[in-house]
>>> print(open('final-v3.cif').read())   # mmCIF, C-alpha atoms
data_query
loop_
_atom_site.label_atom_id
_atom_site.label_comp_id
_atom_site.auth_asym_id
_atom_site.auth_seq_id
_atom_site.Cartn_x
_atom_site.Cartn_y
_atom_site.Cartn_z
CA MET A 1 40.03 69.90 104.77
CA LYS A 2 36.56 68.51 105.51
CA HIS A 3 37.55 68.13 109.16
CA HIS A 4 38.00 71.91 109.44
CA ARG A 5 34.45 72.41 108.18
CA LYS A 6 32.76 69.40 109.61
CA GLN A 7 31.13 71.14 112.55
CA THR A 8 30.11 74.12 110.45
CA THR A 9 28.77 71.83 107.82
CA LEU A 10 26.70 69.96 110.30
CA LEU A 11 25.33 73.16 111.81
CA GLY A 12 24.77 74.95 108.53
CA ILE A 13 22.98 72.28 106.48
CA ALA A 14 19.22 72.68 106.07
CA ALA A 15 17.13 69.88 107.54
CA VAL A 16 15.17 67.76 105.08
CA VAL A 17 11.52 68.77 105.26
CA LEU A 18 9.35 65.75 105.91
CA SER A 19 5.82 66.19 104.66
CA ILE A 20 4.57 63.47 106.94
CA GLY A 21 1.04 63.64 108.19
CA VAL A 22 0.34 61.64 111.35
CA ALA A 23 -2.56 59.42 110.39
CA ALA A 24 -5.27 57.96 112.59
CA ALA A 25 -4.31 54.50 113.69
CA VAL A 26 -7.54 52.64 112.87
CA ALA A 27 -10.99 53.21 111.51
CA GLN A 28 -13.43 54.58 114.05
CA THR A 29 -16.15 52.69 115.84
CA ASP A 30 -19.34 54.13 117.34
CA PRO A 31 -18.02 54.54 120.94
CA GLY A 32 -15.29 56.82 119.66
CA GLN A 33 -17.34 58.74 117.08
CA VAL A 34 -17.83 61.82 119.25
CA ALA A 35 -14.17 61.93 120.24
CA PHE A 36 -13.10 61.44 116.63
CA SER A 37 -15.42 64.22 115.41
CA LEU A 38 -14.00 66.63 117.98
CA GLU A 39 -10.48 65.68 116.92
CA ARG A 40 -11.28 66.17 113.23
CA GLU A 41 -12.78 69.61 113.95
CA GLY A 42 -9.53 70.67 115.69
CA LYS A 43 -11.08 70.78 119.16
CA LEU A 44 -8.09 69.00 120.60
CA ALA A 45 -8.66 69.62 124.30
CA GLU A 46 -12.24 68.35 124.13
CA ALA A 47 -11.21 65.42 121.94
CA GLU A 48 -8.44 64.40 124.32
CA ALA A 49 -10.83 64.54 127.27
CA ALA A 50 -13.27 62.32 125.38
CA TRP A 51 -10.57 59.81 124.43
CA SER A 52 -9.29 59.85 128.01
CA ALA A 53 -12.75 58.93 129.28
CA LEU A 54 -12.92 56.08 126.76
CA ALA A 55 -9.46 54.86 127.83
CA LYS A 56 -10.68 54.59 131.40
CA GLN A 57 -13.90 52.89 130.30
CA TYR A 58 -12.11 50.42 128.01
CA PRO A 59 -8.64 49.93 129.53
CA SER A 60 -7.77 47.02 127.19
CA ASN A 61 -8.57 48.99 124.02
CA PRO A 62 -5.43 50.64 122.51
CA GLU A 63 -7.41 52.97 120.21
CA PRO A 64 -8.10 55.78 122.72
CA LEU A 65 -4.46 55.80 123.80
CA ALA A 66 -3.31 55.95 120.16
CA HIS A 67 -5.54 58.96 119.52
CA MET A 68 -4.34 60.69 122.68
CA GLY A 69 -0.82 60.23 121.36
CA LEU A 70 -1.91 61.65 118.01
CA ILE A 71 -3.41 64.72 119.66
CA GLU A 72 -0.27 65.33 121.74
CA SER A 73 1.78 65.05 118.53
CA LYS A 74 -0.43 67.66 116.85
CA LYS A 75 0.23 69.93 119.84
CA GLU A 76 3.97 69.18 119.44
CA HIS A 77 4.06 67.60 122.89
CA TYR A 78 6.19 64.70 121.69
CA PRO A 79 7.31 63.17 125.01
CA GLU A 80 3.65 62.90 126.04
CA ALA A 81 2.73 61.49 122.63
CA ILE A 82 5.46 58.87 122.91
CA ARG A 83 4.16 57.74 126.29
CA PHE A 84 0.61 57.27 124.93
CA TYR A 85 1.86 55.45 121.83
CA ARG A 86 3.97 53.09 123.93
CA ARG A 87 1.01 52.31 126.19
CA ALA A 88 -1.09 51.56 123.09
CA MET A 89 1.65 49.33 121.66
CA ALA A 90 1.83 47.38 124.90
CA LEU A 91 -1.83 46.47 124.30
CA ASN A 92 -1.54 45.82 120.56
CA PRO A 93 1.95 46.04 119.00
CA THR A 94 0.57 45.25 115.51
CA MET A 95 -2.02 48.03 115.45
CA GLN A 96 -2.02 49.58 111.98
CA GLY A 97 -0.04 52.85 111.74
CA LEU A 98 0.87 52.92 115.42
CA ARG A 99 4.59 52.07 115.09
CA LEU A 100 5.01 54.67 112.32
CA ASN A 101 3.33 57.35 114.44
CA LEU A 102 5.60 56.44 117.36
CA GLY A 103 8.67 56.66 115.12
CA ILE A 104 7.65 60.10 113.83
CA ALA A 105 7.13 61.35 117.39
CA LEU A 106 10.53 59.98 118.42
CA PHE A 107 12.17 61.68 115.42
CA LYS A 108 10.52 65.02 116.16
CA ALA A 109 11.50 64.69 119.82
CA GLY A 110 15.14 64.30 118.75
CA ASP A 111 15.48 60.73 119.99
CA TYR A 112 17.19 59.42 116.85
CA ARG A 113 18.51 56.16 118.26
CA GLU A 114 15.02 55.12 119.32
CA THR A 115 13.65 56.30 115.97
CA ILE A 116 15.99 53.86 114.21
CA ALA A 117 15.19 51.04 116.64
CA ASP A 118 11.46 51.60 116.16
CA LEU A 119 11.34 52.13 112.37
CA ASP A 120 14.16 49.96 111.03
CA PRO A 121 12.04 46.77 111.15
CA LEU A 122 9.33 48.58 109.18
CA LEU A 123 11.88 49.84 106.66
CA LYS A 124 13.27 46.33 106.13
CA ALA A 125 9.74 45.15 105.39
CA GLN A 126 8.96 48.17 103.18
CA PRO A 127 12.29 49.27 101.64
CA ASP A 128 10.58 51.52 99.07
CA ASP A 129 8.63 53.55 101.64
CA GLN A 130 9.94 57.11 101.20
CA ARG A 131 8.85 58.34 104.63
CA LEU A 132 10.55 55.47 106.42
CA THR A 133 13.70 55.85 104.29
CA ILE A 134 14.00 59.56 105.09
CA LEU A 135 13.24 59.14 108.79
CA VAL A 136 15.80 56.38 109.30
CA GLY A 137 18.35 57.95 106.93
CA MET A 138 18.16 61.36 108.57
CA SER A 139 18.34 59.80 112.03
CA GLN A 140 21.57 58.02 111.03
CA TYR A 141 22.87 61.27 109.57
CA VAL A 142 22.20 63.34 112.69
CA LEU A 143 23.90 60.63 114.77
CA GLU A 144 26.92 61.00 112.42
CA HIS A 145 26.54 57.42 111.20
CA PHE A 146 27.33 58.63 107.68
CA ALA A 147 28.19 55.26 106.16
CA GLU A 148 24.76 53.95 107.23
CA ALA A 149 22.96 57.15 106.25
CA SER A 150 24.37 57.50 102.73
CA PRO A 151 22.68 54.51 101.01
CA LEU A 152 19.35 55.45 102.56
CA LEU A 153 19.65 59.09 101.53
CA LYS A 154 20.72 57.99 98.05
CA ARG A 155 17.61 55.82 97.78
CA ALA A 156 15.42 58.66 99.02
CA SER A 157 16.97 61.19 96.63
CA GLU A 158 16.45 58.83 93.69
CA GLN A 159 12.77 58.63 94.58
CA ASP A 160 12.60 62.45 94.80
CA PRO A 161 15.22 63.53 92.23
CA HIS A 162 14.29 67.24 92.28
CA ASN A 163 14.70 67.65 96.05
CA LEU A 164 17.83 69.83 96.28
CA THR A 165 17.95 69.76 100.07
CA LEU A 166 17.84 65.97 100.16
CA LEU A 167 20.54 65.76 97.49
CA LEU A 168 22.80 68.18 99.37
CA THR A 169 22.36 66.13 102.53
CA LEU A 170 23.36 63.02 100.59
CA ALA A 171 26.46 64.78 99.27
CA HIS A 172 27.48 65.87 102.78
CA SER A 173 26.92 62.35 104.12
CA CYS A 174 29.04 60.84 101.36
CA LEU A 175 31.81 63.38 101.94
CA LEU A 176 31.87 62.75 105.68
CA SER A 177 32.05 58.98 105.14
CA ASN A 178 34.89 59.28 102.57
CA GLN A 179 32.69 58.09 99.69
CA TYR A 180 34.13 60.51 97.15
CA PRO A 181 32.67 58.98 93.93
CA CYS A 182 29.25 59.34 95.59
CA VAL A 183 30.01 63.04 96.21
CA LEU A 184 30.96 63.55 92.57
CA ASP A 185 27.79 61.77 91.41
CA ALA A 186 25.65 63.93 93.69
CA TYR A 187 27.52 67.00 92.45
CA HIS A 188 26.64 66.29 88.81
CA ARG A 189 23.00 65.84 89.77
CA LEU A 190 23.06 69.08 91.76
CA ILE A 191 24.59 71.02 88.88
CA ALA A 192 21.93 69.64 86.54
CA LEU A 193 19.26 71.03 88.88
CA ASN A 194 21.07 74.26 89.80
CA ALA A 195 24.05 75.22 87.67
CA GLU A 196 25.07 78.07 90.00
CA SER A 197 25.19 76.11 93.27
CA ALA A 198 28.06 77.41 95.40
CA GLU A 199 27.50 74.70 98.00
CA ALA A 200 27.73 71.98 95.34
CA ASP A 201 31.03 73.45 94.11
CA MET A 202 32.34 73.50 97.68
CA LEU A 203 31.34 69.89 98.26
CA VAL A 204 33.11 68.60 95.18
CA GLY A 205 36.07 70.83 96.03
CA GLU A 206 36.38 69.18 99.41
CA ALA A 207 36.06 65.73 97.84
CA LEU A 208 38.80 66.54 95.32
CA ASP A 209 41.02 67.83 98.13
CA GLU A 210 40.58 64.55 100.01
CA MET A 211 41.33 62.70 96.77
CA LYS A 212 44.70 64.53 96.61
CA ASP A 213 43.69 66.78 93.70
CA PRO A 214 44.45 70.24 95.14
CA GLU A 215 44.29 71.98 91.76
CA GLY A 216 40.84 70.56 91.09
CA ALA A 217 39.75 71.48 94.61
CA MET A 218 40.96 75.05 94.18
CA ARG A 219 39.18 75.31 90.82
CA GLU A 220 35.88 74.27 92.40
CA PHE A 221 36.25 76.65 95.34
CA ARG A 222 36.98 79.52 92.95
CA ALA A 223 33.80 78.56 91.09
CA ALA A 224 31.92 78.58 94.40
CA VAL A 225 33.20 82.06 95.23
CA ALA A 226 32.08 83.26 91.80
CA ALA A 227 28.65 81.65 92.22
CA ASN A 228 28.00 83.12 95.67
CA PRO A 229 30.68 85.12 97.49
CA LYS A 230 28.39 85.28 100.54
CA GLU A 231 28.13 81.50 100.94
CA PRO A 232 29.25 80.56 104.49
CA ASN A 233 32.81 79.14 104.51
CA VAL A 234 33.38 79.64 100.79
CA HIS A 235 36.23 82.13 101.25
CA PHE A 236 37.63 80.15 104.17
CA GLY A 237 37.71 76.96 102.09
CA LEU A 238 39.55 78.65 99.24
CA GLY A 239 41.85 80.44 101.68
CA TYR A 240 42.69 77.17 103.42
CA LEU A 241 43.65 75.55 100.12
CA LEU A 242 45.84 78.54 99.24
CA TRP A 243 47.38 78.39 102.74
CA THR A 244 48.30 74.72 102.29
CA LYS A 245 50.04 75.65 99.02
CA GLY A 246 52.04 78.40 100.74
CA GLN A 247 50.24 81.17 98.83
CA TYR A 248 49.88 83.28 101.96
CA PRO A 249 49.06 86.75 100.55
CA GLU A 250 46.10 85.47 98.53
CA ALA A 251 45.07 83.14 101.37
CA ALA A 252 45.01 86.12 103.75
CA GLN A 253 42.73 87.97 101.33
CA GLU A 254 40.28 85.07 101.33
CA PHE A 255 40.32 84.78 105.13
CA GLN A 256 39.66 88.51 105.32
CA ALA A 257 36.74 88.11 102.91
CA GLU A 258 35.31 85.33 105.12
CA LEU A 259 35.61 87.60 108.14
CA ALA A 260 33.79 90.33 106.23
CA ASN A 261 30.91 87.85 105.83
CA ASP A 262 31.21 86.49 109.39
CA PRO A 263 33.26 88.58 111.83
CA HIS A 264 33.09 85.79 114.44
CA HIS A 265 34.58 83.02 112.25
CA LEU A 266 37.33 81.74 114.57
CA GLN A 267 39.04 79.50 112.04
CA ALA A 268 39.27 82.35 109.54
CA LYS A 269 40.87 84.50 112.25
CA LEU A 270 43.27 81.70 113.20
CA TYR A 271 44.48 81.02 109.67
CA MET A 272 44.52 84.73 108.89
CA ALA A 273 46.90 85.21 111.82
CA ASP A 274 49.06 82.29 110.74
CA ALA A 275 49.24 83.61 107.15
CA GLN A 276 50.35 86.99 108.52
CA MET A 277 53.04 85.25 110.56
CA GLN A 278 54.24 83.39 107.47
CA MET A 279 54.56 86.80 105.81
CA ASN A 280 56.53 88.03 108.86
CA LYS A 281 53.75 90.37 109.98
CA MET A 282 53.96 89.40 113.64
CA GLU A 283 52.52 92.69 114.91
CA GLU A 284 49.35 92.12 112.86
CA ALA A 285 49.01 88.49 113.90
CA ARG A 286 49.30 89.02 117.65
CA PRO A 287 45.98 90.85 118.33
CA LEU A 288 44.08 88.27 116.31
CA LEU A 289 45.68 85.41 118.23
CA GLU A 290 44.93 87.06 121.58
CA GLU A 291 41.33 87.57 120.47
CA ILE A 292 41.03 83.88 119.57
CA GLU A 293 42.48 82.87 122.95
CA LYS A 294 39.72 84.80 124.73
CA ALA A 295 37.04 83.18 122.58
CA ASP A 296 38.38 79.62 122.82
CA PRO A 297 41.48 78.82 124.92
CA ASN A 298 41.63 75.20 123.73
CA ILE A 299 42.99 75.65 120.21
CA ALA A 300 46.53 74.26 120.03
CA MET A 301 47.48 76.12 116.84
CA GLN A 302 46.62 79.47 118.41
CA HIS A 303 48.88 78.78 121.43
CA LEU A 304 51.69 77.60 119.17
CA ASP A 305 51.52 80.70 116.97
CA LEU A 306 51.22 83.06 119.93
CA GLY A 307 54.20 81.34 121.56
CA ILE A 308 56.21 81.95 118.38
CA VAL A 309 55.16 85.62 118.36
CA PHE A 310 56.16 86.06 122.02
CA ALA A 311 59.48 84.31 121.44
CA ASP A 312 60.13 86.64 118.50
CA GLU A 313 59.46 89.58 120.84
CA ASP A 314 61.81 88.04 123.46
CA LEU A 315 58.89 87.63 125.91
CA LYS A 316 60.25 84.29 127.02
CA GLN A 317 57.99 83.58 129.98
CA ASP A 318 54.87 84.37 127.93
CA ALA A 319 56.23 82.26 125.08
CA LYS A 320 56.93 79.40 127.50
CA ASN A 321 53.35 79.49 128.82
CA GLU A 322 51.88 79.42 125.31
CA LEU A 323 54.15 76.70 123.94
CA GLU A 324 53.61 74.49 126.98
CA MET A 325 49.86 74.82 126.44
CA ALA A 326 50.29 73.98 122.75
CA VAL A 327 52.18 70.79 123.67
CA LYS A 328 49.52 69.89 126.22
CA LEU A 329 46.69 70.32 123.71
CA ALA A 330 48.55 68.69 120.79
CA PRO A 331 51.11 66.25 122.23
CA LYS A 332 51.92 64.82 118.77
CA ASN A 333 52.72 68.18 117.19
CA VAL A 334 56.43 67.98 116.31
CA ASN A 335 56.76 71.72 115.74
CA ALA A 336 55.32 72.53 119.16
CA HIS A 337 57.87 70.27 120.90
CA TYR A 338 60.71 71.62 118.78
CA ARG A 339 59.82 75.27 119.42
CA LEU A 340 59.47 74.61 123.14
CA ALA A 341 62.84 72.80 123.20
CA ARG A 342 64.56 75.76 121.56
CA LEU A 343 62.94 78.15 124.00
CA TYR A 344 63.96 76.02 127.00
CA ARG A 345 67.53 75.96 125.71
CA SER A 346 67.57 79.76 125.34
CA MET A 347 66.34 80.02 128.95
CA GLY A 348 69.08 77.71 130.26
CA MET A 349 66.64 74.87 130.96
CA THR A 350 68.88 72.23 129.38
CA ALA A 351 67.26 69.13 130.87
CA GLN A 352 63.79 70.22 129.78
CA ALA A 353 65.14 71.20 126.37
CA LYS A 354 66.63 67.71 125.86
CA MET A 355 63.33 66.09 126.78
CA GLU A 356 61.45 68.17 124.23
CA PHE A 357 64.08 67.62 121.52
CA ASP A 358 63.85 63.87 122.20
CA LYS A 359 60.05 63.96 121.92
CA ALA A 360 60.25 65.86 118.62
CA SER A 361 62.82 63.41 117.31
CA GLY A 362 60.75 60.42 118.42
CA LEU A 363 57.64 61.78 116.70
CA ASN A 364 59.59 62.38 113.52
CA LYS A 365 61.01 58.85 113.61
CA ALA A 366 57.57 57.35 114.21
CA GLU A 367 56.24 59.19 111.17
CA ASP A 368 59.23 58.14 109.06
CA ASP A 369 58.73 54.52 110.10
CA ARG A 370 55.05 54.73 109.23
CA LEU A 371 55.82 56.09 105.76
CA LEU A 372 58.46 53.42 105.18
CA LYS A 373 56.00 50.72 106.16
CA VAL A 374 53.41 52.11 103.74
CA MET A 375 55.93 52.47 100.91
CA SER A 376 57.32 48.98 101.42
CA THR A 377 53.91 47.53 100.53
CA VAL A 378 53.95 49.24 97.12
CA PRO A 379 54.69 46.75 94.29
CA SER A 380 58.23 46.77 92.91
CA THR A 381 59.05 48.66 89.74
CA LYS A 382 61.68 48.15 87.05
CA GLY A 383 64.99 49.95 87.29
CA ALA A 384 66.73 51.55 84.30
CA SER A 385 68.52 48.28 83.52
CA GLY A 386 65.26 46.37 83.39
CA THR A 387 65.89 44.51 86.63
CA THR A 388 63.34 44.58 89.41
CA LYS A 389 64.14 47.27 91.95
CA PRO A 390 62.30 47.83 95.24
CA LEU A 391 60.92 51.29 95.89
CA VAL A 392 62.36 51.19 99.40
CA ASP A 393 65.72 49.69 100.29
CA HIS A 394 65.89 47.94 103.69
#
>>> encode(input="final-v3.cif", output="structure tokens")
Amino acid sequence: MKHHRKQTTLLGIAAVVLSIGVAAAVAQTDPGQVAFSLEREGKLAEAEAAWSALAKQYPSNPEPLAHMGLIESKKEHYPEAIRFYRRAMALNPTMQGLRLNLGIALFKAGDYRETIADLDPLLKAQPDDQRLTILVGMSQYVLEHFAEASPLLKRASEQDPHNLTLLLTLAHSCLLSNQYPCVLDAYHRLIALNAESAEADMLVGEALDEMKDPEGAMREFRAAVAANPKEPNVHFGLGYLLWTKGQYPEAAQEFQAELANDPHHLQAKLYMADAQMQMNKMEEARPLLEEIEKADPNIAMQHLDLGIVFADEDLKQDAKNELEMAVKLAPKNVNAHYRLARLYRSMGMTAQAKMEFDKASGLNKAEDDRLLKVMSTVPSTKGASGTTKPLVDH
């Protein structure tokens, strides 16, 4: 289920707040005292002009360039800051504090790959530096390198154990890299800090769902709903679990509750429509499906369901258009091929129907073969007579 919420999760999570002050690179010398005083007093334009004059006067001295980068960072002009820092590094790559300042500017500019390239050597040399750990860990996280991000975020959260936002980010990273014990560990720490955390309940619910414990997952999502019924995706998550169990009336109620919180939640609309179809409420499903099609025409499930609705209403050409689009968007969906084959046959398109039936059959066989291959690797078990009996006969 995490894949249904991945994008929302990534968009909805709060960014870790980095209390990182950009420090001056080196102690000041007399030629830069006026420029430094102006900078310290917040007179940034005058300070930058003074440092610029010094840079021209002493072109081999990296200090004025480093301070110009610092001033541009304070003004949140990060691309300009990066240019000045790089020019300073070209003159003295070992200048104290310069590489860290460059890494911070790269991070704030959203250049996460370069942030990692710049700061990773520092982090290897100083593995306990909290600022470096967070900067590199969060850069890996934003790049969706969750396996690389998780150990760094774990280290950072252990150094700041009361930081809820950091701990939630760790839990998300572990979930998205399939590290479910890590999610459960983060969950227990979250509950210890905030016993009524709906987001923590949702995270462990998703982990339990991935660990094939649907009852546990449902329990946690019900707890999340109780903790905060307005939490984004909380009703959708519970509704999705109910939908997978075939409990369509209650699932529809949860999808409706999600839509009450967020009327534009496309997935809630999609699964709401499908639940209505499963309850044979085609006339209620159709307007929702048509609304989804206008919002996003590239959802295979919506085209499949709308094709089924049109076929039920004997609108064969409309059904054909929708089912063909479903097959195009999801070529491995057995049901889409099977539904299209049946429709072709009802329209007298026998050759096309055979092709689609063959595709559906081939996909089913491929899945059966895959399952047999997996099962054949399971160790043998004893039969009733005590003799060894394979789980799969060949």
>>> residues_around(input="final-v3.cif", residues="A:Ala330", least_positions_apart="6", cutoff="9 Å", atoms="only C-alpha atoms", output="ChimeraX atom specification")
/A:299-301,336
>>> atom_distance(input="final-v3.cif", atom1="atom CA of A:Met272", atom2="atom CA of A:Arg286")
10.9 Å
>>> resolve_selection(input="final-v3.cif", expression="the PyMOL selection byres ((chain A and resi 219) around 10)", output="PyMOL selection string")
chain A and resi 201-202+205+208+214-218+220-224+238
>>> residues_around(input="final-v3.cif", residues="A:Asn280", least_positions_apart="6", cutoff="12 Å", atoms="all atoms listed in the file", output="mmCIF file with C-alpha atoms, keeping the file's coordinate frame")
data_model
loop_
_atom_site.group_PDB
_atom_site.id
_atom_site.type_symbol
_atom_site.label_atom_id
_atom_site.label_comp_id
_atom_site.auth_asym_id
_atom_site.auth_seq_id
_atom_site.Cartn_x
_atom_site.Cartn_y
_atom_site.Cartn_z
ATOM 1 C CA TYR A 248 49.880 83.280 101.960
ATOM 2 C CA PRO A 249 49.060 86.750 100.550
ATOM 3 C CA ALA A 273 46.900 85.210 111.820
ATOM 4 C CA ASP A 274 49.060 82.290 110.740
ATOM 5 C CA ARG A 286 49.300 89.020 117.650
ATOM 6 C CA ILE A 308 56.210 81.950 118.380
ATOM 7 C CA VAL A 309 55.160 85.620 118.360
ATOM 8 C CA ASP A 312 60.130 86.640 118.500
#
>>> residues_around(input="final-v3.cif", residues="stretch 319-326 of chain A", least_positions_apart="3", cutoff="10 Å", atoms="all atoms listed in the file", output="PyMOL selection string")
chain A and resi 297-316+329-331+333+335-341+343-344+347
>>> resolve_selection(input="final-v3.cif", expression="the PyMOL selection byres ((chain A and resi 110) around 12)", output="list in words")
Tyr78, Pro79, Ile82, Gly103, Ile104, Ala105, Leu106, Phe107, Lys108, Ala109, Asp111, Tyr112, Arg113, Glu114, Thr115, Ile116, Leu135, Met138, Ser139, Gln140, Val142 and Leu143 of chain A
>>> resolve_selection(input="final-v3.cif", expression="the PyMOL selection byres ((chain A and resi 263-269) around 12)", output="mmCIF file with C-alpha atoms, in the coordinates of the input")
data_model
loop_
_atom_site.group_PDB
_atom_site.id
_atom_site.type_symbol
_atom_site.label_atom_id
_atom_site.label_comp_id
_atom_site.auth_asym_id
_atom_site.auth_seq_id
_atom_site.Cartn_x
_atom_site.Cartn_y
_atom_site.Cartn_z
ATOM 1 C CA HIS A 3 37.550 68.130 109.160
ATOM 2 C CA HIS A 4 38.000 71.910 109.440
ATOM 3 C CA ARG A 5 34.450 72.410 108.180
ATOM 4 C CA GLN A 7 31.130 71.140 112.550
ATOM 5 C CA THR A 8 30.110 74.120 110.450
ATOM 6 C CA PRO A 232 29.250 80.560 104.490
ATOM 7 C CA ASN A 233 32.810 79.140 104.510
ATOM 8 C CA VAL A 234 33.380 79.640 100.790
ATOM 9 C CA HIS A 235 36.230 82.130 101.250
ATOM 10 C CA PHE A 236 37.630 80.150 104.170
ATOM 11 C CA GLY A 237 37.710 76.960 102.090
ATOM 12 C CA LEU A 238 39.550 78.650 99.240
ATOM 13 C CA GLY A 239 41.850 80.440 101.680
ATOM 14 C CA TYR A 240 42.690 77.170 103.420
ATOM 15 C CA TRP A 243 47.380 78.390 102.740
ATOM 16 C CA ALA A 251 45.070 83.140 101.370
ATOM 17 C CA ALA A 252 45.010 86.120 103.750
ATOM 18 C CA GLN A 253 42.730 87.970 101.330
ATOM 19 C CA GLU A 254 40.280 85.070 101.330
ATOM 20 C CA PHE A 255 40.320 84.780 105.130
ATOM 21 C CA GLN A 256 39.660 88.510 105.320
ATOM 22 C CA ALA A 257 36.740 88.110 102.910
ATOM 23 C CA GLU A 258 35.310 85.330 105.120
ATOM 24 C CA LEU A 259 35.610 87.600 108.140
ATOM 25 C CA ALA A 260 33.790 90.330 106.230
ATOM 26 C CA ASN A 261 30.910 87.850 105.830
ATOM 27 C CA ASP A 262 31.210 86.490 109.390
ATOM 28 C CA LEU A 270 43.270 81.700 113.200
ATOM 29 C CA TYR A 271 44.480 81.020 109.670
ATOM 30 C CA MET A 272 44.520 84.730 108.890
ATOM 31 C CA ALA A 273 46.900 85.210 111.820
ATOM 32 C CA ASP A 274 49.060 82.290 110.740
ATOM 33 C CA ALA A 275 49.240 83.610 107.150
ATOM 34 C CA GLN A 276 50.350 86.990 108.520
ATOM 35 C CA GLU A 284 49.350 92.120 112.860
ATOM 36 C CA ALA A 285 49.010 88.490 113.900
ATOM 37 C CA ARG A 286 49.300 89.020 117.650
ATOM 38 C CA PRO A 287 45.980 90.850 118.330
ATOM 39 C CA LEU A 288 44.080 88.270 116.310
ATOM 40 C CA LEU A 289 45.680 85.410 118.230
ATOM 41 C CA GLU A 290 44.930 87.060 121.580
ATOM 42 C CA GLU A 291 41.330 87.570 120.470
ATOM 43 C CA ILE A 292 41.030 83.880 119.570
ATOM 44 C CA GLU A 293 42.480 82.870 122.950
ATOM 45 C CA LYS A 294 39.720 84.800 124.730
ATOM 46 C CA ALA A 295 37.040 83.180 122.580
ATOM 47 C CA ASP A 296 38.380 79.620 122.820
ATOM 48 C CA PRO A 297 41.480 78.820 124.920
ATOM 49 C CA ILE A 299 42.990 75.650 120.210
ATOM 50 C CA MET A 301 47.480 76.120 116.840
ATOM 51 C CA GLN A 302 46.620 79.470 118.410
#
>>> closest_residue(input="final-v3.cif", among="A:Thr169, A:Glu39, A:Ala200, A:Glu250", to="A:Glu231", atoms="all atoms listed in the file")
A:Ala200
>>> atom_distance(input="final-v3.cif", atom1="atom CA of A:Phe357", atom2="atom CA of A:Gly246")
26.3 Å
>>> atom_distance(input="final-v3.cif", atom1="atom CA of A:Leu152", atom2="atom CA of A:Ala88")
29.2 Å
>>> closest_residue(input="final-v3.cif", among="A:Met349, A:Ala360, A:Val136, A:Ala171", to="A:Glu148", atoms="all atoms listed in the file")
A:Val136
>>> closest_residue(input="final-v3.cif", among="A:Lys354, A:Arg83, A:Lys359, A:Lys56", to="A:Val334", atoms="all atoms listed in the file")
A:Lys359
>>> axis_aligned_box(input="final-v3.cif", around="stretch 53-58 of chain A", padding_each_side="6 Å", output="lines of an AutoDock Vina configuration file")
center_x = -11.7
center_y = 54.7
center_z = 129.1
size_x = 16.4
size_y = 20.5
size_z = 16.6
>>> residues_around(input="final-v3.cif", residues="stretch 60-66 of chain A", least_positions_apart="3", cutoff="12 Å", atoms="only C-alpha atoms", output="ChimeraX atom specification")
/A:22-29,31-36,39,47-57,69-73,80-102
>>> closest_residue(input="final-v3.cif", among="A:Leu164, A:Ala226, A:Leu203, A:Leu193", to="A:Asn178", atoms="all atoms listed in the file")
A:Leu203
>>> closest_residue(input="final-v3.cif", among="A:Ser157, A:Gln179, A:Pro127, A:Gln352", to="A:Met211", atoms="only C-alpha atoms")
A:Gln179
